[in-house]
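Visitor: So here's my_file-v1.csv (CSV, C-alpha atoms).
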chain,number,residue,atom,x,y,z
M,1,MET,CA,-10.8,-36.0,152.7
M,2,ASP,CA,-11.7,-33.4,155.3
M,3,ARG,CA,-14.8,-33.6,157.5
M,4,LYS,CA,-16.8,-30.9,155.6
M,5,ALA,CA,-16.3,-32.7,152.3
M,6,GLN,CA,-17.4,-36.0,153.9
M,7,ILE,CA,-20.7,-34.5,155.2
M,8,GLU,CA,-21.6,-32.2,152.3
M,9,ARG,CA,-24.3,-33.9,150.2
M,10,ARG,CA,-25.7,-31.0,148.4
M,11,LYS,CA,-25.7,-31.1,144.6
M,12,HIS,CA,-25.9,-27.3,144.1
M,13,LYS,CA,-23.9,-24.4,145.4
M,14,ARG,CA,-25.7,-22.3,148.1
M,15,PHE,CA,-25.7,-18.6,147.8
M,16,ASP,CA,-26.1,-15.8,150.3
M,17,ILE,CA,-28.8,-13.3,149.5
M,18,PRO,CA,-29.7,-9.8,150.8
M,19,ALA,CA,-32.2,-9.3,153.5
M,20,GLY,CA,-35.8,-8.9,152.3
M,21,VAL,CA,-36.3,-12.2,150.4
M,22,PHE,CA,-39.2,-14.1,151.8
M,23,VAL,CA,-41.2,-17.3,151.3
M,24,SER,CA,-44.8,-18.1,152.0
M,25,CYS,CA,-45.8,-21.7,152.3
M,26,ARG,CA,-49.2,-23.3,151.5
M,27,PRO,CA,-51.7,-24.8,151.5
M,28,HIS,CA,-51.6,-25.5,155.2
M,29,GLY,CA,-50.0,-22.1,156.1
M,30,PRO,CA,-49.8,-19.4,155.9
M,31,ARG,CA,-46.2,-19.7,157.1
M,32,LEU,CA,-44.1,-16.7,156.3
M,33,GLY,CA,-40.3,-16.8,156.6
M,34,GLU,CA,-37.2,-15.0,155.6
M,35,VAL,CA,-34.8,-16.8,153.2
M,36,VAL,CA,-31.3,-17.5,154.7
M,37,ASP,CA,-29.7,-19.0,151.6
M,38,ILE,CA,-30.7,-20.5,148.3
M,39,SER,CA,-29.5,-22.8,145.5
M,40,ARG,CA,-30.8,-24.2,142.3
M,41,GLY,CA,-32.0,-27.2,144.3
M,42,GLY,CA,-33.6,-25.6,147.4
M,43,LEU,CA,-33.4,-23.0,150.1
M,44,ALA,CA,-33.3,-22.5,153.8
M,45,PHE,CA,-35.5,-20.0,155.7
M,46,ARG,CA,-36.3,-18.8,159.2
M,47,TYR,CA,-39.8,-18.4,160.6
M,48,TYR,CA,-41.7,-18.0,163.8
M,49,ALA,CA,-43.9,-20.9,164.9
M,50,ASP,CA,-46.4,-21.4,167.7
M,51,LYS,CA,-45.9,-25.1,167.8
M,52,GLU,CA,-43.0,-27.6,167.8
M,53,THR,CA,-44.2,-29.7,164.9
M,54,PRO,CA,-43.7,-28.3,161.4
M,55,ASP,CA,-46.8,-28.1,159.2
M,56,GLU,CA,-47.3,-30.2,156.1
M,57,SER,CA,-47.1,-27.5,153.4
M,58,ASN,CA,-45.8,-28.6,150.1
M,59,GLU,CA,-45.8,-25.5,147.9
M,60,LEU,CA,-44.1,-22.1,148.4
M,61,ASN,CA,-43.8,-18.7,146.9
M,62,ILE,CA,-40.5,-16.7,146.9
M,63,PHE,CA,-40.7,-12.9,146.7
M,64,LEU,CA,-38.7,-9.8,147.4
M,65,GLU,CA,-40.0,-7.3,150.0
M,66,GLU,CA,-39.6,-4.5,147.4
M,67,GLY,CA,-41.7,-6.5,144.9
M,68,ASN,CA,-39.2,-6.8,142.1
M,69,PHE,CA,-39.3,-10.7,142.0
M,70,TYR,CA,-42.1,-13.3,142.5
M,71,LEU,CA,-41.7,-17.0,141.9
M,72,ASN,CA,-44.9,-18.9,142.8
M,73,ASN,CA,-46.3,-22.4,143.2
M,74,VAL,CA,-42.9,-24.0,143.8
M,75,LEU,CA,-43.4,-27.6,144.9
M,76,PHE,CA,-41.0,-28.6,147.7
M,77,GLN,CA,-40.1,-31.3,150.2
M,78,THR,CA,-38.9,-30.4,153.7
M,79,VAL,CA,-35.5,-31.8,154.3
M,80,ASN,CA,-35.1,-30.5,157.9
M,81,ASP,CA,-36.9,-28.2,160.3
M,82,PHE,CA,-35.6,-27.4,163.8
M,83,GLY,CA,-35.9,-24.8,166.5
M,84,ILE,CA,-33.2,-22.1,166.6
M,85,HIS,CA,-34.1,-20.4,169.8
M,86,GLN,CA,-36.9,-19.6,172.2
M,87,THR,CA,-38.5,-16.2,172.0
M,88,PRO,CA,-39.7,-14.1,174.9
M,89,PHE,CA,-43.1,-15.7,174.4
M,90,PRO,CA,-43.1,-19.3,175.7
M,91,SER,CA,-45.4,-20.7,173.0
M,92,VAL,CA,-43.5,-19.2,170.1
M,93,THR,CA,-40.1,-20.3,168.8
M,94,MET,CA,-37.9,-19.3,165.9
M,95,ARG,CA,-37.3,-22.2,163.6
M,96,ARG,CA,-35.2,-22.9,160.5
M,97,SER,CA,-36.4,-25.0,157.6
M,98,GLY,CA,-34.4,-26.5,154.7
M,99,VAL,CA,-36.4,-27.5,151.6
M,100,ARG,CA,-35.6,-29.2,148.3
M,101,PHE,CA,-37.4,-28.0,145.2
M,102,ASN,CA,-39.4,-30.7,143.4
M,103,ASN,CA,-40.4,-30.8,139.7
M,104,LEU,CA,-39.7,-27.2,138.8
M,105,THR,CA,-41.2,-26.1,135.4
M,106,ASP,CA,-38.9,-24.7,132.7
M,107,HIS,CA,-40.3,-21.3,133.5
M,108,GLN,CA,-39.6,-21.7,137.2
M,109,VAL,CA,-36.0,-22.8,136.5
M,110,SER,CA,-35.5,-19.8,134.3
M,111,GLN,CA,-36.9,-17.4,137.0
M,112,LEU,CA,-34.7,-19.0,139.7
M,113,GLN,CA,-31.6,-18.7,137.5
M,114,ASN,CA,-32.5,-15.0,136.9
M,115,PHE,CA,-32.9,-14.5,140.6
M,116,LEU,CA,-29.5,-16.1,141.4
M,117,GLU,CA,-27.8,-14.0,138.7
M,118,ASN,CA,-29.3,-10.7,139.9
M,119,TYR,CA,-29.6,-11.1,143.7
M,120,ALA,CA,-27.1,-13.6,145.0
M,121,ILE,CA,-24.3,-12.0,147.0
M,122,GLY,CA,-21.9,-14.9,147.0
M,123,GLU,CA,-21.4,-18.5,147.9
M,124,THR,CA,-21.9,-19.7,151.4
Could you write out this file's structure as structure tokens?

Guide:
Amino acid sequence: MDRKAQIERRKHKRFDIPAGVFVSCRPHGPRLGEVVDISRGGLAFRYYADKETPDESNELNIFLEEGNFYLNNVLFQTVNDFGIHQTPFPSVTMRRSGVRFNNLTDHQVSQLQNFLENYAIGET
């Protein structure tokens, strides 16, 4: 078994998506970020933070910049959150967060499936 197969624990395939897909986290946000990749089980996004400790948000909205898609009130659990690089401003860093969706409703599952079918570019 190769190394990638040994460390891959995801249950769902991840998909690349075009630029312009965003998330907003609540209730302790607002934290706005751009989605990096997405699967049926969760997503990863990049965002700017003015602190090293991630906030305790537990709900997010996924939307397209052009307004053709909006999935709201998605419960999630943060799986990882880490700094990517420092910005020119000492108190601000670019971070990447990976989240797992929790308890999606049937309607949310349907919306997510529709999003993957219509906007996913390919597997990562």

Visitor: Quick one: of M:Asn58, M:Asn118, M:Asn80, M:Gln108, who's nearest to Cys25 of chain M, counting only C-alpha atoms?

Guide: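 When distances to Cys25 of chain M are compared using only C-alpha atoms, the smallest one comes from M:Asn58.
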
Visitor: Between M:Ala49, M:Val109, M:Leu75, M:Leu60, single out the one closest to Pro90 of chain M, counting only C-alpha atoms.

Guide: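 The shortest atom-to-atom distance to Pro90 of chain M comes from M:Ala49.
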
Visitor: May I ask which of the residues M:Val79, M:Met94, M:Ile17, M:Ile84 is the closest one to Leu32 of chain M, counting all atoms listed in the file?

Guide: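 Of M:Val79, M:Met94, M:Ile17, M:Ile84, the one nearest Leu32 of chain M is M:Met94, counting all atoms listed in the file.
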
Visitor: Need the neighbours of (-43.2, -24.4, 170.2): which residues are at most 12 Å away, counting all atoms listed in the file, as a list in words?

Guide: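 With a cut-off of 12 Å, the residues come to Tyr47, Tyr48, Ala49, Asp50, Lys51, Glu52, Thr53, Pro54, Phe82, Gly83, Ile84, His85, Gln86, Thr87, Pro88, Phe89, Pro90, Ser91, Val92, Thr93, Met94 and Arg95 of chain M.
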
Visitor: Name the closest residue to Asp106 of chain M among the candidates M:Glu66, M:Leu43, M:Gly20, M:Val74; distances are taken between atoms, counting only C-alpha atoms.

Guide: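 Checking each of M:Glu66, M:Leu43, M:Gly20, M:Val74 against Asp106 of chain M, counting only C-alpha atoms, the winner is M:Val74.
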
Visitor: Which residue gives the smallest distance to His12 of chain M among M:Arg31, M:Arg46, M:Arg26, M:Arg100, with only C-alpha atoms counted?

Guide: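 Ranking M:Arg31, M:Arg46, M:Arg26, M:Arg100 by distance to His12 of chain M, first place goes to M:Arg100.
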
Visitor: Quick one: distance from atom CA of Val99 of chain M to atom CA of Gly42 of chain M in Å, one decimal?

Guide: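 Answer for the atom CA of Val99 of chain M to atom CA of Gly42 of chain M separation: 5.4 Å.
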
Visitor: Ranking M:Asn68, M:Ser57, M:Ser110, M:Thr124 by minimum distance to Val36 of chain M and counting only C-alpha atoms, which one comes first?

Guide: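 Of the candidates, the smallest distance to Val36 of chain M is held by M:Thr124.
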
Visitor: Please compute the atom CA of Tyr70 of chain M-atom CA of Lys11 of chain M distance, one decimal, in Å.

Guide: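 Computing it gives 24.3 Å between the two atoms.
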
Visitor: Figure out the distance between atom CA of Gly67 of chain M and atom CA of Gly98 of chain M, please, to one decimal in Å.

Guide: 23.4 Å
